[in-house]
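Contents: one structure, followed by commentary.
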Protein chains: 2
Amino acid sequence: MARSRITIIGTGLIGASIGHNLMSRPNREFEVVGLDRDRFNAKEAKKLGAIDREVGSLEEGLENAGLVIIAVPVVSARHLLEEIGPYLKPGAVVTDTCSTKADIMRWAAEFLPETVHFVGGHPMAGLEASGPKAARKDLFQGATWAITPSPRANEDAVGVVLGMVESFGAYPLYIDAAEHDTYAAAVSHLPILLSVALFRMVRDSQGWEDAALLAGPAFRDLTRLASGDPTMSKDIMTTNRDAVLHWLGRFESELQTIRKALDEGGQVVQDMFTSTQVDRDTFIMNPPVRRRPEGAPAPSAQDAIGRLFAGALYDKLKDVQNRPPVQTSQRDQDELQRKLGVRDEDRDR
Amino acid sequence: MARSRITIIGTGLIGASIGHNLMSRPNREFEVVGLDRDRFNAKEAKKLGAIDREVGSLEEGLENAGLVIIAVPVVSARHLLEEIGPYLKPGAVVTDTCSTKADIMRWAAEFLPETVHFVGGHPMAGLEASGPKAARKDLFQGATWAITPSPRANEDAVGVVLGMVESFGAYPLYIDAAEHDTYAAAVSHLPILLSVALFRMVRDSQGWEDAALLAGPAFRDLTRLASGDPTMSKDIMTTNRDAVLHWLGRFESELQTIRKALDEGGQVVQDMFTSTQVDRDTFIMNPPVRRRPEGAPAPSAQDAIGRLFAGALYDKLKDVQNRPPVQTSQRDQDELQRKLGVRDEDRDR
């Protein structure tokens, strides 16, 4: 019998970091296969121990894969979703790590065979550097991992992705794809544009050489996202353009408000900085509670997908299932069901 | 004979981090005295080992101090410069760590007695947190430390500050005060406003709770400066208002440029992200070379100020002096002399 197989398509920072996590499961009984359009990347990931095996074709890579993880920029993910259908085995779970989710969910519904389970995903994690060399096992530790199941994914499939995400130390968050894109535009995509704008502003100024000498951690932190993968950034702006432009407008208004405060000066400026500091410190010290989502039980031992994770990851899933349920109100339950998107199909896009 | 004394006024993040560095000098023969308008801060700094002794008045704190370090927000520094004159002993070296330098240099010239040596300073270092508890010995490791000597400071005084800064692992950079403020507005002060604007934009939106759940390292990094000391930020905007508004306008134009690129889409957007990434990666991987400034020799063993640092710090100074000079062109030398501001007094403001 063929060994269980997990296939990672795209072995950059995110894909290879996922690989390191999967590879380090004790007593694992699955094989991790990686492929990348840039074979050098995949070979590098293999050398670094992020995957067991590097393959050169979708056909070879997807043969017998029980779980497929698509970790490429959004627009490339579209092409993959168009192409992988014929090679997927029935019952396979397919997930992704793309930065925008509405288009991905639409493409998955359009292109994937009905026999596979698609569960959208987006780890809110990143680094200044990209590529497999920058990958780290602890990249997802403590991170939120947005999960947008398709109506077609069964609960066991959702449970597999949920269990995987939790085994990486991340917090899964069920969210509607359109909502995800709206809020991600504010907290993640607009910040890319701000980083790029700040870096370009200073770089293109006459004083760049002197300014660069003075630049400290503030400039470095604020411009970090300008070092992100350009294709990923471009794809984000292409697939989430309206939401990004909306928040860009809101940001420009906010700058106008600040400009007015500076004109008034004195106490007005002090109050603005003080109230913002208090609220941000509260946000950092008491971040919103990320409840474990209800509604997606882990797979049973008899479940075919569960057998993928016959090693410690599967035990982790069982353990999660056996925990006493987190107390949530009916309203929370309804909200989560709605967000899960599998009960109220009208809301699905 | 009284023991040599270094006095730190303001025992917050920067003052206490300086204290930790001074206190940890092996075989030190100087005492570190701290005072703070908020005596709780100073007592905390004492408890944490950042200072030897906490005092409650300028008179007590400045008695016999050979080196005085002012580590408070800019506007408070003005009041201190007005008040400390009568308590300073002739020949004392006074330096500061304020975020803007032109006003500080003006006030020092106006208020300090001619018998003391003022050397402006600004470590380009910071953290999300403030206060003595957040202080760390390695805060300045690798940081640029801007130095703006006054025309009245003699070379030995400049050498004392230079030696201190280098002993903290920082890189001193001589720079004209007005130039400092112009460039710091771009790389350090405008970023505060961007952080504040981004945090306020999301906090004040209806989706704040959901957005907060999604917020990852990008949002955290980009809004870090919104957690800075509000008084420090207000003082920066007060004393460097014109430069900050100048760069704010430039930033808004840059956002317009980006908006246009997004309208065009495709290759234009890709090119924008790619060229910015290349330039930022180059800046991070090959930061501009911070040459050790020429022109300010370390004090000789006979020098009164040098004796302040009779411990290892003084040896460090001697060592620095005995290094073969860095090769610099005549143009570089002239430029440094000009920046040092002690030769070409016309340029001094």
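Following the order of the structure tokens, first chain is A, next is B, and so on, with residues numbered from 1 inside each chain and ligands from 1 in the order they appear.
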Superposed chain B (on chain A, all in-order C-alpha pairs) as a tab-separated table (two decimals) with C-alpha atoms, in the first residue's frame:
```tsv
chain	number	residue	atom	x	y	z
B	1	MET	CA	-0.08	-0.04	0.07
B	2	ALA	CA	1.17	3.43	-0.84
B	3	ARG	CA	2.40	5.54	2.02
B	4	SER	CA	0.19	8.53	2.92
B	5	ARG	CA	1.38	11.63	1.18
B	6	ILE	CA	1.16	15.37	1.73
B	7	THR	CA	2.14	17.55	-1.22
B	8	ILE	CA	3.27	21.16	-0.94
B	9	ILE	CA	3.10	23.20	-4.14
B	10	GLY	CA	5.33	26.24	-3.80
B	11	THR	CA	8.33	25.79	-1.52
B	12	GLY	CA	9.04	29.43	-0.65
B	13	LEU	CA	8.97	30.93	2.83
B	14	ILE	CA	5.46	29.72	3.69
B	15	GLY	CA	5.53	26.37	1.89
B	16	ALA	CA	8.92	25.39	3.30
B	17	SER	CA	7.94	26.55	6.81
B	18	ILE	CA	4.90	24.28	6.58
B	19	GLY	CA	7.24	21.54	5.40
B	20	HIS	CA	9.53	21.93	8.39
B	21	ASN	CA	6.54	21.58	10.68
B	22	LEU	CA	5.21	18.48	8.95
B	23	MET	CA	8.66	16.87	8.70
B	24	SER	CA	9.28	17.28	12.40
B	25	ARG	CA	6.18	15.38	13.54
B	26	PRO	CA	7.39	12.48	15.69
B	27	ASN	CA	6.45	9.02	14.36
B	28	ARG	CA	4.97	10.47	11.25
B	29	GLU	CA	3.60	7.97	8.77
B	30	PHE	CA	3.24	10.30	5.85
B	31	GLU	CA	5.65	11.49	3.21
B	32	VAL	CA	6.10	15.20	2.38
B	33	VAL	CA	6.51	15.90	-1.33
B	34	GLY	CA	7.36	19.35	-2.64
B	35	LEU	CA	7.30	20.99	-6.03
B	36	ASP	CA	7.96	24.49	-7.24
B	37	ARG	CA	7.86	26.18	-10.63
B	38	ASP	CA	11.40	27.20	-9.73
B	39	ARG	CA	12.99	23.78	-9.22
B	40	PHE	CA	16.00	25.37	-7.55
B	41	ASN	CA	13.65	26.45	-4.74
B	42	ALA	CA	12.30	22.94	-4.30
B	43	LYS	CA	15.78	21.37	-4.36
B	44	GLU	CA	16.84	23.91	-1.75
B	45	ALA	CA	13.83	23.00	0.39
B	46	LYS	CA	14.78	19.33	0.11
B	47	LYS	CA	18.39	20.08	1.08
B	48	LEU	CA	17.18	22.05	4.10
B	49	GLY	CA	14.98	19.19	5.24
B	50	ALA	CA	11.67	20.93	4.59
B	51	ILE	CA	10.43	18.11	2.31
B	52	ASP	CA	11.23	14.41	1.82
B	53	ARG	CA	11.24	14.52	-1.94
B	54	GLU	CA	11.26	17.01	-4.77
B	55	VAL	CA	9.35	16.26	-7.96
B	56	GLY	CA	9.17	18.03	-11.29
B	57	SER	CA	5.57	17.58	-12.41
B	58	LEU	CA	2.08	18.01	-11.00
B	59	GLU	CA	1.20	14.51	-12.15
B	60	GLU	CA	4.03	12.97	-10.17
B	61	GLY	CA	3.58	15.27	-7.19
B	62	LEU	CA	-0.16	14.78	-6.79
B	63	GLU	CA	-0.31	11.03	-7.25
B	64	ASN	CA	-1.92	9.56	-4.16
B	65	ALA	CA	-1.69	12.83	-2.23
B	66	GLY	CA	-4.25	12.92	0.58
B	67	LEU	CA	-3.57	16.55	1.43
B	68	VAL	CA	-2.40	19.19	-1.04
B	69	ILE	CA	-1.16	22.57	0.18
B	70	ILE	CA	-0.96	25.38	-2.38
B	71	ALA	CA	1.55	27.97	-1.16
B	72	VAL	CA	2.05	30.30	-4.11
B	73	PRO	CA	0.99	33.88	-4.93
B	74	VAL	CA	-2.75	34.23	-5.63
B	75	VAL	CA	-2.66	34.51	-9.41
B	76	SER	CA	-0.40	31.47	-9.75
B	77	ALA	CA	-2.82	29.63	-7.47
B	78	ARG	CA	-5.54	30.26	-10.04
B	79	HIS	CA	-3.52	28.52	-12.73
B	80	LEU	CA	-2.80	25.63	-10.39
B	81	LEU	CA	-6.47	25.22	-9.50
B	82	GLU	CA	-7.22	25.06	-13.21
B	83	GLU	CA	-4.59	22.40	-13.79
B	84	ILE	CA	-4.51	20.05	-10.82
B	85	GLY	CA	-8.04	18.60	-11.12
B	86	PRO	CA	-7.17	15.57	-13.27
B	87	TYR	CA	-4.37	14.48	-10.94
B	88	LEU	CA	-6.21	14.68	-7.62
B	89	LYS	CA	-7.45	11.48	-6.05
B	90	PRO	CA	-11.09	11.45	-4.97
B	91	GLY	CA	-11.48	12.54	-1.35
B	92	ALA	CA	-8.25	14.52	-1.35
B	93	VAL	CA	-8.18	17.66	0.82
B	94	VAL	CA	-6.84	20.77	-0.91
B	95	THR	CA	-5.92	23.90	1.02
B	96	ASP	CA	-3.98	27.07	0.23
B	97	THR	CA	-2.12	29.87	2.00
B	98	CYS	CA	-2.97	32.78	-0.29
B	99	SER	CA	-3.29	36.35	0.98
B	100	THR	CA	-6.73	36.95	-0.55
B	101	LYS	CA	-9.58	34.49	-0.33
B	102	ALA	CA	-12.68	35.49	-2.33
B	103	ASP	CA	-11.16	34.80	-5.77
B	104	ILE	CA	-9.53	31.61	-4.53
B	105	MET	CA	-12.86	30.27	-3.27
B	106	ARG	CA	-14.51	31.13	-6.59
B	107	TRP	CA	-11.79	29.48	-8.63
B	108	ALA	CA	-11.78	26.37	-6.43
B	109	ALA	CA	-15.55	26.02	-6.92
B	110	GLU	CA	-15.18	26.55	-10.66
B	111	PHE	CA	-12.16	24.39	-11.44
B	112	LEU	CA	-11.80	21.62	-8.86
B	113	PRO	CA	-13.63	18.30	-9.28
B	114	GLU	CA	-16.57	17.75	-6.94
B	115	THR	CA	-14.81	14.74	-5.46
B	116	VAL	CA	-12.19	16.82	-3.61
B	117	HIS	CA	-12.56	18.98	-0.52
B	118	PHE	CA	-11.28	22.54	-0.72
B	119	VAL	CA	-10.58	24.44	2.50
B	120	GLY	CA	-9.15	27.94	2.03
B	121	GLY	CA	-6.45	29.10	4.41
B	122	HIS	CA	-4.28	32.12	5.12
B	123	PRO	CA	-1.62	32.18	7.84
B	124	MET	CA	-1.18	35.74	9.13
B	125	ALA	CA	2.56	35.34	9.35
B	126	GLY	CA	5.51	36.59	7.37
B	127	LEU	CA	9.08	37.72	7.46
B	128	GLU	CA	11.24	40.31	5.83
B	129	ALA	CA	12.96	37.64	3.76
B	130	SER	CA	11.40	35.21	1.30
B	131	GLY	CA	12.38	31.84	-0.20
B	132	PRO	CA	12.97	28.41	1.39
B	133	LYS	CA	16.18	29.52	3.13
B	134	ALA	CA	14.18	31.99	5.22
B	135	ALA	CA	11.69	29.29	6.29
B	136	ARG	CA	11.38	28.52	10.00
B	137	LYS	CA	9.51	25.94	11.98
B	138	ASP	CA	8.25	28.56	14.45
B	139	LEU	CA	6.91	30.92	11.79
B	140	PHE	CA	3.29	30.15	12.65
B	141	GLN	CA	3.68	29.95	16.43
B	142	GLY	CA	0.92	32.12	17.91
B	143	ALA	CA	-0.25	33.36	14.51
B	144	THR	CA	-3.85	33.61	13.41
B	145	TRP	CA	-4.59	31.24	10.51
B	146	ALA	CA	-7.72	32.27	8.65
B	147	ILE	CA	-9.79	29.32	7.41
B	148	THR	CA	-12.48	29.66	4.76
B	149	PRO	CA	-14.04	26.25	4.10
B	150	SER	CA	-15.91	25.77	0.86
B	151	PRO	CA	-19.51	24.54	1.07
B	152	ARG	CA	-18.28	21.38	-0.59
B	153	ALA	CA	-15.63	20.52	2.01
B	154	ASN	CA	-16.92	17.98	4.49
B	155	GLU	CA	-16.32	18.39	8.18
B	156	ASP	CA	-13.58	15.79	8.27
B	157	ALA	CA	-11.67	17.73	5.62
B	158	VAL	CA	-12.05	20.93	7.60
B	159	GLY	CA	-10.89	18.99	10.65
B	160	VAL	CA	-7.71	17.89	8.90
B	161	VAL	CA	-6.74	21.47	8.08
B	162	LEU	CA	-7.77	22.63	11.54
B	163	GLY	CA	-5.64	19.93	13.17
B	164	MET	CA	-2.68	20.72	10.97
B	165	VAL	CA	-2.88	24.43	11.74
B	166	GLU	CA	-3.16	23.81	15.48
B	167	SER	CA	-0.25	21.40	15.39
B	168	PHE	CA	1.85	24.29	14.00
B	169	GLY	CA	1.00	26.38	17.07
B	170	ALA	CA	-1.29	28.69	15.11
B	171	TYR	CA	-4.83	29.76	15.99
B	172	PRO	CA	-7.42	28.87	13.37
B	173	LEU	CA	-10.06	31.52	12.70
B	174	TYR	CA	-13.11	30.67	10.60
B	175	ILE	CA	-14.07	33.64	8.54
B	176	ASP	CA	-16.14	34.38	5.47
B	177	ALA	CA	-13.88	34.90	2.42
B	178	ALA	CA	-15.25	38.35	1.58
B	179	GLU	CA	-14.96	39.50	5.18
B	180	HIS	CA	-11.41	38.18	5.27
B	181	ASP	CA	-10.46	40.20	2.23
B	182	THR	CA	-12.03	43.40	3.57
B	183	TYR	CA	-10.21	43.24	6.89
B	184	ALA	CA	-6.96	41.82	5.50
B	185	ALA	CA	-6.89	44.83	3.18
B	186	ALA	CA	-6.83	47.06	6.26
B	187	VAL	CA	-4.37	45.19	8.48
B	188	SER	CA	-2.15	43.53	5.91
B	189	HIS	CA	-2.50	44.79	2.32
B	190	LEU	CA	-2.66	48.56	2.83
B	191	PRO	CA	0.39	48.28	5.12
B	192	ILE	CA	2.34	46.90	2.13
B	193	LEU	CA	1.56	50.10	0.20
B	194	LEU	CA	2.52	52.27	3.18
B	195	SER	CA	5.86	50.48	3.52
B	196	VAL	CA	6.53	50.86	-0.19
B	197	ALA	CA	5.52	54.53	-0.19
B	198	LEU	CA	7.71	55.38	2.80
B	199	PHE	CA	10.74	53.62	1.37
B	200	ARG	CA	10.31	55.20	-2.08
B	201	MET	CA	9.78	58.65	-0.58
B	202	VAL	CA	13.12	58.56	1.25
B	203	ARG	CA	15.03	56.68	-1.46
B	204	ASP	CA	13.95	59.17	-4.13
B	205	SER	CA	14.82	62.23	-2.04
B	206	GLN	CA	18.05	64.16	-2.52
B	207	GLY	CA	19.06	63.47	1.06
B	208	TRP	CA	18.83	59.69	0.73
B	209	GLU	CA	22.46	59.04	1.67
B	210	ASP	CA	22.32	61.14	4.83
B	211	ALA	CA	18.85	59.94	5.71
B	212	ALA	CA	19.97	56.32	5.31
B	213	LEU	CA	22.74	56.91	7.84
B	214	LEU	CA	20.17	58.14	10.34
B	215	ALA	CA	17.61	55.44	9.64
B	216	GLY	CA	17.04	53.31	12.72
B	217	PRO	CA	14.61	50.60	13.82
B	218	ALA	CA	11.57	52.81	13.14
B	219	PHE	CA	12.37	53.12	9.44
B	220	ARG	CA	13.39	49.49	9.25
B	221	ASP	CA	10.16	48.23	10.81
B	222	LEU	CA	7.89	50.56	8.88
B	223	THR	CA	9.45	49.61	5.52
B	224	ARG	CA	9.78	45.86	6.17
B	225	LEU	CA	6.88	44.95	3.90
B	226	ALA	CA	8.60	46.68	0.96
B	227	SER	CA	10.98	43.71	0.98
B	228	GLY	CA	8.15	41.22	0.50
B	229	ASP	CA	7.83	39.10	-2.64
B	230	PRO	CA	6.85	41.56	-5.42
B	231	THR	CA	4.67	39.01	-7.22
B	232	MET	CA	2.77	38.23	-4.06
B	233	SER	CA	2.18	41.95	-3.49
B	234	LYS	CA	1.11	42.52	-7.09
B	235	ASP	CA	-1.30	39.57	-6.93
B	236	ILE	CA	-2.79	40.90	-3.71
B	237	MET	CA	-3.42	44.29	-5.30
B	238	THR	CA	-4.92	42.61	-8.37
B	239	THR	CA	-7.32	40.33	-6.51
B	240	ASN	CA	-8.27	42.70	-3.70
B	241	ARG	CA	-8.05	46.04	-5.48
B	242	ASP	CA	-11.38	47.56	-4.41
B	243	ALA	CA	-10.89	46.84	-0.72
B	244	VAL	CA	-7.33	48.14	-0.79
B	245	LEU	CA	-8.41	51.36	-2.53
B	246	HIS	CA	-11.21	51.75	0.00
B	247	TRP	CA	-8.77	51.61	2.91
B	248	LEU	CA	-6.24	53.78	1.11
B	249	GLY	CA	-8.91	56.49	0.96
B	250	ARG	CA	-9.68	56.01	4.65
B	251	PHE	CA	-5.98	56.26	5.42
B	252	GLU	CA	-5.64	59.50	3.48
B	253	SER	CA	-8.57	60.95	5.46
B	254	GLU	CA	-6.88	59.88	8.67
B	255	LEU	CA	-3.73	61.75	7.61
B	256	GLN	CA	-5.90	64.82	7.05
B	257	THR	CA	-7.31	64.47	10.56
B	258	ILE	CA	-3.79	64.26	11.95
B	259	ARG	CA	-2.72	67.27	9.91
B	260	LYS	CA	-5.55	69.25	11.44
B	261	ALA	CA	-4.54	68.13	14.93
B	262	LEU	CA	-0.95	69.28	14.23
B	263	ASP	CA	-2.33	72.66	13.13
B	264	GLU	CA	-4.16	73.02	16.42
B	265	GLY	CA	-1.14	71.73	18.34
B	266	GLY	CA	-0.71	71.47	22.11
B	267	GLN	CA	-3.27	69.46	24.01
B	268	VAL	CA	-5.06	68.24	20.88
B	269	VAL	CA	-1.88	66.55	19.64
B	270	GLN	CA	-1.08	65.19	23.09
B	271	ASP	CA	-4.59	63.74	23.41
B	272	MET	CA	-4.36	62.13	19.99
B	273	PHE	CA	-1.09	60.38	20.82
B	274	THR	CA	-2.25	59.42	24.31
B	275	SER	CA	-5.55	57.83	23.30
B	276	THR	CA	-3.89	55.94	20.44
B	277	GLN	CA	-1.16	54.67	22.73
B	278	VAL	CA	-3.66	53.47	25.33
B	279	ASP	CA	-5.73	51.64	22.71
B	280	ARG	CA	-2.77	50.05	20.98
B	281	ASP	CA	-1.20	48.93	24.26
B	282	THR	CA	-4.52	47.38	25.22
B	283	PHE	CA	-4.70	45.61	21.86
B	284	ILE	CA	-1.15	44.25	22.25
B	285	MET	CA	-1.44	43.24	25.88
B	286	ASN	CA	-4.97	41.87	25.67
B	287	PRO	CA	-5.35	40.72	22.10
B	288	PRO	CA	-8.86	39.63	21.12
B	289	VAL	CA	-9.55	36.10	22.30
B	290	ARG	CA	-9.18	33.60	19.51
B	291	ARG	CA	-11.63	30.90	20.42
B	292	ARG	CA	-11.15	27.48	18.97
B	293	PRO	CA	-13.87	27.27	16.31
B	294	GLU	CA	-16.78	24.90	16.91
B	295	GLY	CA	-18.52	22.87	14.28
B	296	ALA	CA	-15.65	21.02	12.65
B	297	PRO	CA	-14.96	17.84	14.57
B	298	ALA	CA	-11.68	16.05	14.07
B	299	PRO	CA	-11.84	12.95	11.88
B	300	SER	CA	-12.44	9.57	13.45
B	301	ALA	CA	-9.81	6.83	13.40
B	302	GLN	CA	-11.71	5.11	10.61
B	303	ASP	CA	-11.66	8.14	8.42
B	304	ALA	CA	-9.54	7.91	5.31
B	305	ILE	CA	-8.21	11.43	5.62
B	306	GLY	CA	-7.52	10.98	9.29
B	307	ARG	CA	-5.25	8.07	8.41
B	308	LEU	CA	-3.04	10.56	6.61
B	309	PHE	CA	-2.04	11.77	10.01
B	310	ALA	CA	-1.57	8.43	11.64
B	311	GLY	CA	1.45	9.85	13.51
B	312	ALA	CA	1.42	12.36	16.27
B	313	LEU	CA	-0.57	14.86	14.26
B	314	TYR	CA	-3.50	12.50	14.28
B	315	ASP	CA	-3.18	12.06	18.03
B	316	LYS	CA	-3.19	15.81	18.34
B	317	LEU	CA	-6.41	15.89	16.41
B	318	LYS	CA	-7.97	13.28	18.64
B	319	ASP	CA	-6.79	15.18	21.68
B	320	VAL	CA	-8.34	18.37	20.37
B	321	GLN	CA	-11.63	16.55	19.84
B	322	ASN	CA	-11.64	15.18	23.35
B	323	ARG	CA	-11.16	18.56	25.03
B	324	PRO	CA	-14.19	19.87	26.88
B	325	PRO	CA	-15.95	22.28	24.56
B	326	VAL	CA	-15.16	25.97	25.03
B	327	GLN	CA	-18.18	27.75	26.51
B	328	THR	CA	-19.75	29.93	23.89
B	329	SER	CA	-23.10	31.60	23.75
B	330	GLN	CA	-25.75	30.62	21.20
B	331	ARG	CA	-25.05	33.91	19.45
B	332	ASP	CA	-21.36	33.03	19.17
B	333	GLN	CA	-22.27	29.58	17.90
B	334	ASP	CA	-24.57	31.03	15.26
B	335	GLU	CA	-21.94	33.54	14.29
B	336	LEU	CA	-19.34	30.81	13.96
B	337	GLN	CA	-21.71	28.62	11.99
B	338	ARG	CA	-22.38	31.54	9.71
B	339	LYS	CA	-18.68	32.18	9.32
B	340	LEU	CA	-18.01	28.53	8.76
B	341	GLY	CA	-20.27	28.96	5.76
B	342	VAL	CA	-21.38	25.32	5.66
B	343	ARG	CA	-24.83	25.74	7.21
B	344	ASP	CA	-26.18	28.94	5.78
B	345	GLU	CA	-25.37	28.46	2.15
B	346	ASP	CA	-27.05	31.70	1.16
B	347	ARG	CA	-24.14	33.57	2.60
B	348	ASP	CA	-21.61	31.71	0.54
B	349	ARG	CA	-20.06	33.60	-2.34
```
I need the residues in region 210-295 of chain B that are helix (DSSP H, G or I) according to DSSP; give them as a ChimeraX atom specification.
/B:210-214,217-222,224-227,230-239,241-264,266-285
I'd like to know which residues of region 46-179 of chain B are strand (DSSP E) (by DSSP, run on the backbone); could you write them as a short mmCIF file (atom, residue, chain, number, x, y, z; two decimals) with N, CA and C atoms, in the first residue's frame?
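Output below, filename out_27.cif:
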```
data_model
loop_
_atom_site.label_atom_id
_atom_site.label_comp_id
_atom_site.auth_asym_id
_atom_site.auth_seq_id
_atom_site.Cartn_x
_atom_site.Cartn_y
_atom_site.Cartn_z
N ARG B 53 22.51 55.60 42.41
CA ARG B 53 21.89 56.40 43.43
C ARG B 53 20.82 57.27 42.79
N GLU B 54 19.72 57.43 43.50
CA GLU B 54 18.63 58.26 43.01
C GLU B 54 18.59 59.51 43.87
N ALA B 65 29.22 66.67 39.03
CA ALA B 65 29.05 65.78 37.88
C ALA B 65 29.98 66.22 36.75
N GLY B 66 30.77 65.28 36.23
CA GLY B 66 31.67 65.58 35.12
C GLY B 66 30.96 65.43 33.79
N LEU B 67 29.99 64.52 33.76
CA LEU B 67 29.22 64.29 32.53
C LEU B 67 27.74 64.26 32.90
N VAL B 68 26.94 65.04 32.21
CA VAL B 68 25.50 65.09 32.46
C VAL B 68 24.78 64.65 31.19
N ILE B 69 23.89 63.68 31.33
CA ILE B 69 23.15 63.16 30.17
C ILE B 69 21.67 63.47 30.34
N ILE B 70 21.14 64.28 29.44
CA ILE B 70 19.73 64.68 29.50
C ILE B 70 18.93 63.76 28.60
N VAL B 93 30.81 68.22 30.92
CA VAL B 93 30.30 67.91 29.59
C VAL B 93 28.80 67.60 29.73
N VAL B 94 28.00 68.27 28.91
CA VAL B 94 26.56 68.02 28.93
C VAL B 94 26.16 67.47 27.56
N THR B 95 25.42 66.37 27.57
CA THR B 95 24.91 65.83 26.30
C THR B 95 23.44 65.50 26.48
N ASP B 96 22.76 65.19 25.38
CA ASP B 96 21.33 64.86 25.48
C ASP B 96 21.04 63.71 24.53
N HIS B 117 30.63 72.32 28.34
CA HIS B 117 30.74 71.86 26.96
C HIS B 117 29.48 71.10 26.58
N PHE B 118 28.71 71.62 25.63
CA PHE B 118 27.50 70.91 25.22
C PHE B 118 27.72 70.15 23.92
N VAL B 119 27.39 68.87 23.93
CA VAL B 119 27.51 68.02 22.75
C VAL B 119 26.15 67.35 22.55
N GLY B 120 25.42 67.75 21.52
CA GLY B 120 24.10 67.16 21.26
C GLY B 120 24.22 65.71 20.83
N GLY B 121 23.22 64.92 21.16
CA GLY B 121 23.25 63.51 20.76
C GLY B 121 21.85 62.97 20.54
N HIS B 122 21.75 61.96 19.69
CA HIS B 122 20.45 61.31 19.46
C HIS B 122 20.67 59.87 19.02
N PRO B 123 20.47 58.93 19.95
CA PRO B 123 20.58 57.52 19.55
C PRO B 123 19.38 57.11 18.70
N THR B 144 22.89 53.77 15.02
CA THR B 144 23.53 55.05 14.73
C THR B 144 23.23 56.00 15.89
N TRP B 145 24.24 56.77 16.31
CA TRP B 145 24.04 57.75 17.37
C TRP B 145 24.47 59.10 16.79
N ALA B 146 23.50 59.92 16.44
CA ALA B 146 23.82 61.22 15.86
C ALA B 146 24.48 62.11 16.91
N ILE B 147 25.53 62.82 16.50
CA ILE B 147 26.24 63.71 17.42
C ILE B 147 26.34 65.09 16.78
N THR B 148 25.86 66.09 17.49
CA THR B 148 25.89 67.47 16.99
C THR B 148 26.61 68.34 18.01
N PRO B 149 27.95 68.43 17.89
CA PRO B 149 28.70 69.21 18.88
C PRO B 149 28.40 70.70 18.73
N TYR B 171 27.22 53.44 16.67
CA TYR B 171 28.08 54.11 15.70
C TYR B 171 27.82 55.61 15.74
N PRO B 172 28.79 56.40 16.18
CA PRO B 172 28.57 57.85 16.19
C PRO B 172 28.55 58.40 14.76
N LEU B 173 27.67 59.36 14.55
CA LEU B 173 27.58 60.03 13.23
C LEU B 173 27.51 61.52 13.48
N TYR B 174 28.58 62.25 13.10
CA TYR B 174 28.53 63.70 13.20
C TYR B 174 27.59 64.24 12.15
#
```
